[in-house]
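Everything on this sheet refers to the single structure shown next.
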Amino acid sequence: MPRTIFLYLLPFLFFYSCIPSPTQNSGFNSFHELKINNVTFLAQIAITPEEQEQGLMHRANLGKNEGMLFVFPNDDKRAFWMKNTHIPLDVGYFTADGTLQEIHSMNPYDLTPVESQRTDIRFALEMNRGWFEQNNISLGAKLDLNALNVALQRRLAHKNNFID
C-alpha cells in the first residue's frame with residue numbers, strides 16, 4: 001500500500017520540483033528574458049536603490065543582447081551617469097505603459113547626467129551602444145509588460161508596486 005501511494009504522488013512531486021523556488025533565479029545578478037516588440041533580450045533587473053546605484057559599474061563587458069532594466073515605483077524625470085562604467089551604452093527611457101519615449105547614448109566614465117526630457121518615466125533600459133538601432137527598435141516600441149511581470153515575480157517584487 002505505501003508503494004502505491006508513493007507512485008500516485010510521484011507525478012505531483014515531479015511537477016512541484018520543476019517550479020522555481022522563491023530564491024531560484026531571483027537575485028540581482030540573474031538575467032531575465034524580456035522583449036521589446038518582437039526582439040528578445042536578457043536583462044538584469046535593478047529594483048532597489050542600492051541595485052540602481054550599482055547598475056553596470058565595474059563590468060568589463062556586456063553580452064550582445066544583455067542589459068539592465070531599472071524599474072522605478074513611480075513616474076518621474078530620470079537621470080543616469082557612467083561612473084565607473086567601462087562600456088559605452090545607450091539608455092532607453094520608457095513610460096509606465098511600456099512605450100519607449102527616448103534613447104540617449106552614454107560615454108564610459110562620463111559623470112554628466114543623461115536626463116530624460118519627460119517627467120513620466122517608469123523604466124530605463126541600458127544596453128550596449130547601438131543595440132536599439134541594430135535591432136530596429138525606435139521610439140514608440142513597446143516593452144512586453146507581461147514578460148516583465150514574470151521577471152519581477154521571479155525577483156520577488158510585488159508587480160503592483162511597479163506596473164499600473
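Ligands are numbered from 1 in the order shown, residues from 1 within each chain, and chains are lettered A, B, ... in the order they appear in the C-alpha cells.
Secondary structure of region 80-125 of chain A, strand (DSSP E) only (DSSP, backbone atoms): A:Phe80, A:Leu89, A:Asp90, A:Val91, A:Gly92, A:Tyr93, A:Phe94, A:Thr95, A:Leu100, A:Gln101, A:Glu102, A:Ile103, A:His104, A:Ser105, A:Met106, A:Val114, A:Glu115, A:Ile121, A:Arg122, A:Phe123, A:Ala124, A:Leu125.
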Quick one: contact table of region 19-86 of chain A to region 93-104 of chain A, 12 Å max, nearest atom pair and distance in Å to one decimal per residue, counting only C-alpha atoms, chain and number order, as JSON lines?
```
{"residue": "A:Leu34", "atom": "CA", "partner": "A:Gly98", "partner_atom": "CA", "distance": 11.8}
{"residue": "A:Lys35", "atom": "CA", "partner": "A:Gly98", "partner_atom": "CA", "distance": 10.5}
{"residue": "A:Ile36", "atom": "CA", "partner": "A:Gly98", "partner_atom": "CA", "distance": 8.8}
{"residue": "A:Asn37", "atom": "CA", "partner": "A:Thr99", "partner_atom": "CA", "distance": 10.1}
{"residue": "A:Leu69", "atom": "CA", "partner": "A:Tyr93", "partner_atom": "CA", "distance": 9.9}
{"residue": "A:Phe70", "atom": "CA", "partner": "A:Tyr93", "partner_atom": "CA", "distance": 9.6}
{"residue": "A:Val71", "atom": "CA", "partner": "A:Ala96", "partner_atom": "CA", "distance": 9.8}
{"residue": "A:Phe72", "atom": "CA", "partner": "A:Ala96", "partner_atom": "CA", "distance": 9.4}
{"residue": "A:Pro73", "atom": "CA", "partner": "A:Ala96", "partner_atom": "CA", "distance": 9.7}
{"residue": "A:Asn74", "atom": "CA", "partner": "A:Ala96", "partner_atom": "CA", "distance": 8.4}
{"residue": "A:Asp75", "atom": "CA", "partner": "A:Ala96", "partner_atom": "CA", "distance": 7.2}
{"residue": "A:Asp76", "atom": "CA", "partner": "A:Thr95", "partner_atom": "CA", "distance": 9.3}
{"residue": "A:Lys77", "atom": "CA", "partner": "A:Tyr93", "partner_atom": "CA", "distance": 9.6}
{"residue": "A:Arg78", "atom": "CA", "partner": "A:Tyr93", "partner_atom": "CA", "distance": 8.1}
{"residue": "A:Ala79", "atom": "CA", "partner": "A:Tyr93", "partner_atom": "CA", "distance": 9.7}
{"residue": "A:Phe80", "atom": "CA", "partner": "A:His104", "partner_atom": "CA", "distance": 10.0}
{"residue": "A:Trp81", "atom": "CA", "partner": "A:His104", "partner_atom": "CA", "distance": 11.2}
```
Residues near region 63-65 of chain A, anyone? I mean within 12 Å using only C-alpha atoms, not counting same-chain ones fewer than 4 positions away, as a PDB file with N, CA and C atoms, in the first residue's frame.
```
ATOM      1  N   PHE A  31      19.805  37.018 -14.968  1.00  0.00           N
ATOM      2  CA  PHE A  31      19.280  37.612 -16.194  1.00  0.00           C
ATOM      3  C   PHE A  31      17.892  37.050 -16.464  1.00  0.00           C
ATOM      4  N   HIS A  32      17.009  37.908 -16.954  1.00  0.00           N
ATOM      5  CA  HIS A  32      15.631  37.535 -17.240  1.00  0.00           C
ATOM      6  C   HIS A  32      15.329  37.824 -18.700  1.00  0.00           C
ATOM      7  N   GLU A  33      14.584  36.937 -19.327  1.00  0.00           N
ATOM      8  CA  GLU A  33      14.220  37.116 -20.729  1.00  0.00           C
ATOM      9  C   GLU A  33      13.089  38.126 -20.835  1.00  0.00           C
ATOM     10  N   LEU A  34      13.350  39.194 -21.584  1.00  0.00           N
ATOM     11  CA  LEU A  34      12.371  40.252 -21.803  1.00  0.00           C
ATOM     12  C   LEU A  34      12.240  40.497 -23.300  1.00  0.00           C
ATOM     13  N   LYS A  35      11.237  41.279 -23.680  1.00  0.00           N
ATOM     14  CA  LYS A  35      11.017  41.580 -25.101  1.00  0.00           C
ATOM     15  C   LYS A  35      10.626  43.036 -25.292  1.00  0.00           C
ATOM     16  N   ILE A  36      11.110  43.575 -26.394  1.00  0.00           N
ATOM     17  CA  ILE A  36      10.618  44.849 -26.911  1.00  0.00           C
ATOM     18  C   ILE A  36      10.155  44.535 -28.327  1.00  0.00           C
ATOM     19  N   VAL A  39      11.666  41.577 -30.335  1.00  0.00           N
ATOM     20  CA  VAL A  39      13.088  41.370 -30.057  1.00  0.00           C
ATOM     21  C   VAL A  39      13.254  40.889 -28.616  1.00  0.00           C
ATOM     22  N   THR A  40      13.836  39.705 -28.476  1.00  0.00           N
ATOM     23  CA  THR A  40      14.079  39.131 -27.153  1.00  0.00           C
ATOM     24  C   THR A  40      15.495  39.479 -26.705  1.00  0.00           C
ATOM     25  N   PHE A  41      15.637  39.809 -25.430  1.00  0.00           N
ATOM     26  CA  PHE A  41      16.949  40.117 -24.854  1.00  0.00           C
ATOM     27  C   PHE A  41      16.960  39.650 -23.409  1.00  0.00           C
ATOM     28  N   LEU A  42      18.132  39.645 -22.812  1.00  0.00           N
ATOM     29  CA  LEU A  42      18.293  39.260 -21.417  1.00  0.00           C
ATOM     30  C   LEU A  42      18.674  40.493 -20.612  1.00  0.00           C
ATOM     31  N   ALA A  43      18.046  40.638 -19.455  1.00  0.00           N
ATOM     32  CA  ALA A  43      18.350  41.811 -18.640  1.00  0.00           C
ATOM     33  C   ALA A  43      18.370  41.449 -17.166  1.00  0.00           C
ATOM     34  N   GLN A  44      19.317  42.046 -16.480  1.00  0.00           N
ATOM     35  CA  GLN A  44      19.258  42.062 -15.033  1.00  0.00           C
ATOM     36  C   GLN A  44      18.235  43.140 -14.686  1.00  0.00           C
ATOM     37  N   ARG A  59      31.851  46.628 -14.866  1.00  0.00           N
ATOM     38  CA  ARG A  59      31.737  45.494 -15.792  1.00  0.00           C
ATOM     39  C   ARG A  59      32.768  45.651 -16.893  1.00  0.00           C
ATOM     40  N   ILE A  87      31.843  50.429 -20.310  1.00  0.00           N
ATOM     41  CA  ILE A  87      31.210  50.034 -21.573  1.00  0.00           C
ATOM     42  C   ILE A  87      30.378  51.197 -22.127  1.00  0.00           C
ATOM     43  N   LEU A  89      27.282  52.791 -23.602  1.00  0.00           N
ATOM     44  CA  LEU A  89      25.903  52.313 -23.505  1.00  0.00           C
ATOM     45  C   LEU A  89      24.925  53.274 -24.159  1.00  0.00           C
ATOM     46  N   LEU A 125      16.272  51.299 -19.655  1.00  0.00           N
ATOM     47  CA  LEU A 125      16.982  50.111 -20.116  1.00  0.00           C
ATOM     48  C   LEU A 125      18.338  50.523 -20.657  1.00  0.00           C
ATOM     49  N   GLU A 126      19.403  50.002 -20.019  1.00  0.00           N
ATOM     50  CA  GLU A 126      20.761  50.227 -20.512  1.00  0.00           C
ATOM     51  C   GLU A 126      21.197  49.012 -21.313  1.00  0.00           C
ATOM     52  N   MET A 127      21.643  49.274 -22.541  1.00  0.00           N
ATOM     53  CA  MET A 127      22.135  48.235 -23.449  1.00  0.00           C
ATOM     54  C   MET A 127      23.425  48.738 -24.093  1.00  0.00           C
ATOM     55  N   ASN A 128      24.166  47.819 -24.717  1.00  0.00           N
ATOM     56  CA  ASN A 128      25.369  48.224 -25.450  1.00  0.00           C
ATOM     57  C   ASN A 128      25.024  49.323 -26.444  1.00  0.00           C
ATOM     58  N   ARG A 129      25.969  50.241 -26.626  1.00  0.00           N
ATOM     59  CA  ARG A 129      25.746  51.326 -27.566  1.00  0.00           C
ATOM     60  C   ARG A 129      25.404  50.761 -28.950  1.00  0.00           C
ATOM     61  N   GLY A 130      24.355  51.278 -29.529  1.00  0.00           N
ATOM     62  CA  GLY A 130      23.916  50.868 -30.857  1.00  0.00           C
ATOM     63  C   GLY A 130      22.906  49.730 -30.869  1.00  0.00           C
ATOM     64  N   TRP A 131      22.642  49.114 -29.713  1.00  0.00           N
ATOM     65  CA  TRP A 131      21.751  47.953 -29.658  1.00  0.00           C
ATOM     66  C   TRP A 131      20.344  48.286 -30.152  1.00  0.00           C
ATOM     67  N   PHE A 132      19.792  49.404 -29.736  1.00  0.00           N
ATOM     68  CA  PHE A 132      18.435  49.770 -30.162  1.00  0.00           C
ATOM     69  C   PHE A 132      18.379  49.904 -31.685  1.00  0.00           C
ATOM     70  N   GLN A 134      20.544  48.672 -33.962  1.00  0.00           N
ATOM     71  CA  GLN A 134      20.840  47.390 -34.610  1.00  0.00           C
ATOM     72  C   GLN A 134      19.643  46.453 -34.613  1.00  0.00           C
ATOM     73  N   ASN A 135      18.754  46.613 -33.657  1.00  0.00           N
ATOM     74  CA  ASN A 135      17.578  45.755 -33.553  1.00  0.00           C
ATOM     75  C   ASN A 135      16.304  46.436 -34.044  1.00  0.00           C
TER      76      ASN A 135
END
```
Straight-line distance linking CA of Thr85 (chain A) with CA of Gly140 (chain A), stated in Å to one decimal: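 Value for the CA of Thr85 (chain A)-CA of Gly140 (chain A) distance: 27.7 Å.
If only C-alpha atoms are the atoms counted, then among A:Gly27, A:Arg122, A:Ser116, A:Glu66 the closest residue to Leu143 (chain A) is A:Arg122.
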Between CA of Gln117 (chain A) and CA of Met82 (chain A), what distance in Å does the model show, to one decimal?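 Value for the CA of Gln117 (chain A)-CA of Met82 (chain A) distance: 18.2 Å.
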Among the residues of region 43-99 of chain A, find those DSSP assigns to helix (DSSP H, G or I) from the backbone and print them as a list in words.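 Filtering region 43-99 of chain A to helix (DSSP H, G or I) leaves Pro49, Glu50, Glu51, Gln52, Glu53 and Gln54 of chain A.
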Keeping only all heavy atoms, write the selected residues as a CSV table (one decimal), in the first residue's frame.
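selection_32.csv, freshly written:
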```csv
chain,number,residue,atom,x,y,z
A,49,PRO,N,17.1,50.8,-4.5
A,49,PRO,CA,18.0,52.0,-4.7
A,49,PRO,C,19.5,51.5,-4.8
A,49,PRO,O,20.3,52.0,-5.5
A,49,PRO,CB,17.8,52.9,-3.5
A,49,PRO,CG,16.4,52.6,-3.1
A,49,PRO,CD,16.2,51.1,-3.4
A,50,GLU,N,19.9,50.5,-4.0
A,50,GLU,CA,21.2,50.0,-4.0
A,50,GLU,C,21.6,49.3,-5.3
A,50,GLU,O,22.7,49.6,-5.8
A,50,GLU,CB,21.5,49.0,-2.8
A,50,GLU,CG,21.3,49.6,-1.4
A,50,GLU,CD,19.9,49.7,-1.0
A,50,GLU,OE1,18.9,49.1,-1.6
A,50,GLU,OE2,19.6,50.5,0.0
A,51,GLU,N,20.7,48.6,-5.8
A,51,GLU,CA,20.9,47.9,-7.1
A,51,GLU,C,21.0,49.0,-8.2
A,51,GLU,O,21.8,48.9,-9.1
A,51,GLU,CB,19.8,46.9,-7.4
A,51,GLU,CG,19.7,45.7,-6.5
A,51,GLU,CD,18.5,44.9,-6.7
A,51,GLU,OE1,17.5,45.4,-7.4
A,51,GLU,OE2,18.4,43.8,-6.1
A,52,GLN,N,20.1,50.0,-8.2
A,52,GLN,CA,20.1,51.0,-9.2
A,52,GLN,C,21.4,51.9,-9.1
A,52,GLN,O,21.9,52.3,-10.1
A,52,GLN,CB,18.8,51.8,-9.0
A,52,GLN,CG,17.6,51.0,-9.4
A,52,GLN,CD,16.3,51.7,-9.1
A,52,GLN,OE1,16.3,52.8,-8.5
A,52,GLN,NE2,15.2,51.1,-9.5
A,53,GLU,N,21.9,52.1,-7.9
A,53,GLU,CA,23.1,52.8,-7.8
A,53,GLU,C,24.3,52.0,-8.4
A,53,GLU,O,25.2,52.6,-9.0
A,53,GLU,CB,23.4,53.2,-6.3
A,53,GLU,CG,24.6,54.0,-6.1
A,53,GLU,CD,24.8,54.4,-4.7
A,53,GLU,OE1,23.8,54.6,-3.9
A,53,GLU,OE2,26.0,54.5,-4.3
A,54,GLN,N,24.3,50.7,-8.1
A,54,GLN,CA,25.4,49.9,-8.6
A,54,GLN,C,25.3,49.8,-10.2
A,54,GLN,O,26.4,49.9,-10.9
A,54,GLN,CB,25.4,48.5,-8.0
A,54,GLN,CG,26.4,47.6,-8.6
A,54,GLN,CD,26.3,46.2,-8.0
A,54,GLN,OE1,25.8,46.0,-6.9
A,54,GLN,NE2,26.9,45.2,-8.7
```
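Of the residues listed (A:Pro88, A:Gly67, A:Tyr109, A:Asn61), A:Gly67 shows the shortest atom-to-atom separation from Asn29 (chain A); distances use only C-alpha atoms.
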Point out the residue among A:Ala46, A:Asn84, A:Ile121, A:Pro113 with the least atom-to-atom distance to Ala151 (chain A), counting only C-alpha atoms. A:Ala46
Can you tell me how far CA of Asn149 (chain A) sits from CA of Met57 (chain A), in Å to one decimal?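 Calculated distance between CA of Asn149 (chain A) and CA of Met57 (chain A) is 25.5 Å.
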Here is a test: counting only C-alpha atoms, which residue of A:Val91, A:His58, A:Val114, A:Phe28 is nearest to Arg154 (chain A)?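 For Arg154 (chain A), the nearest of the given residues is A:Phe28.
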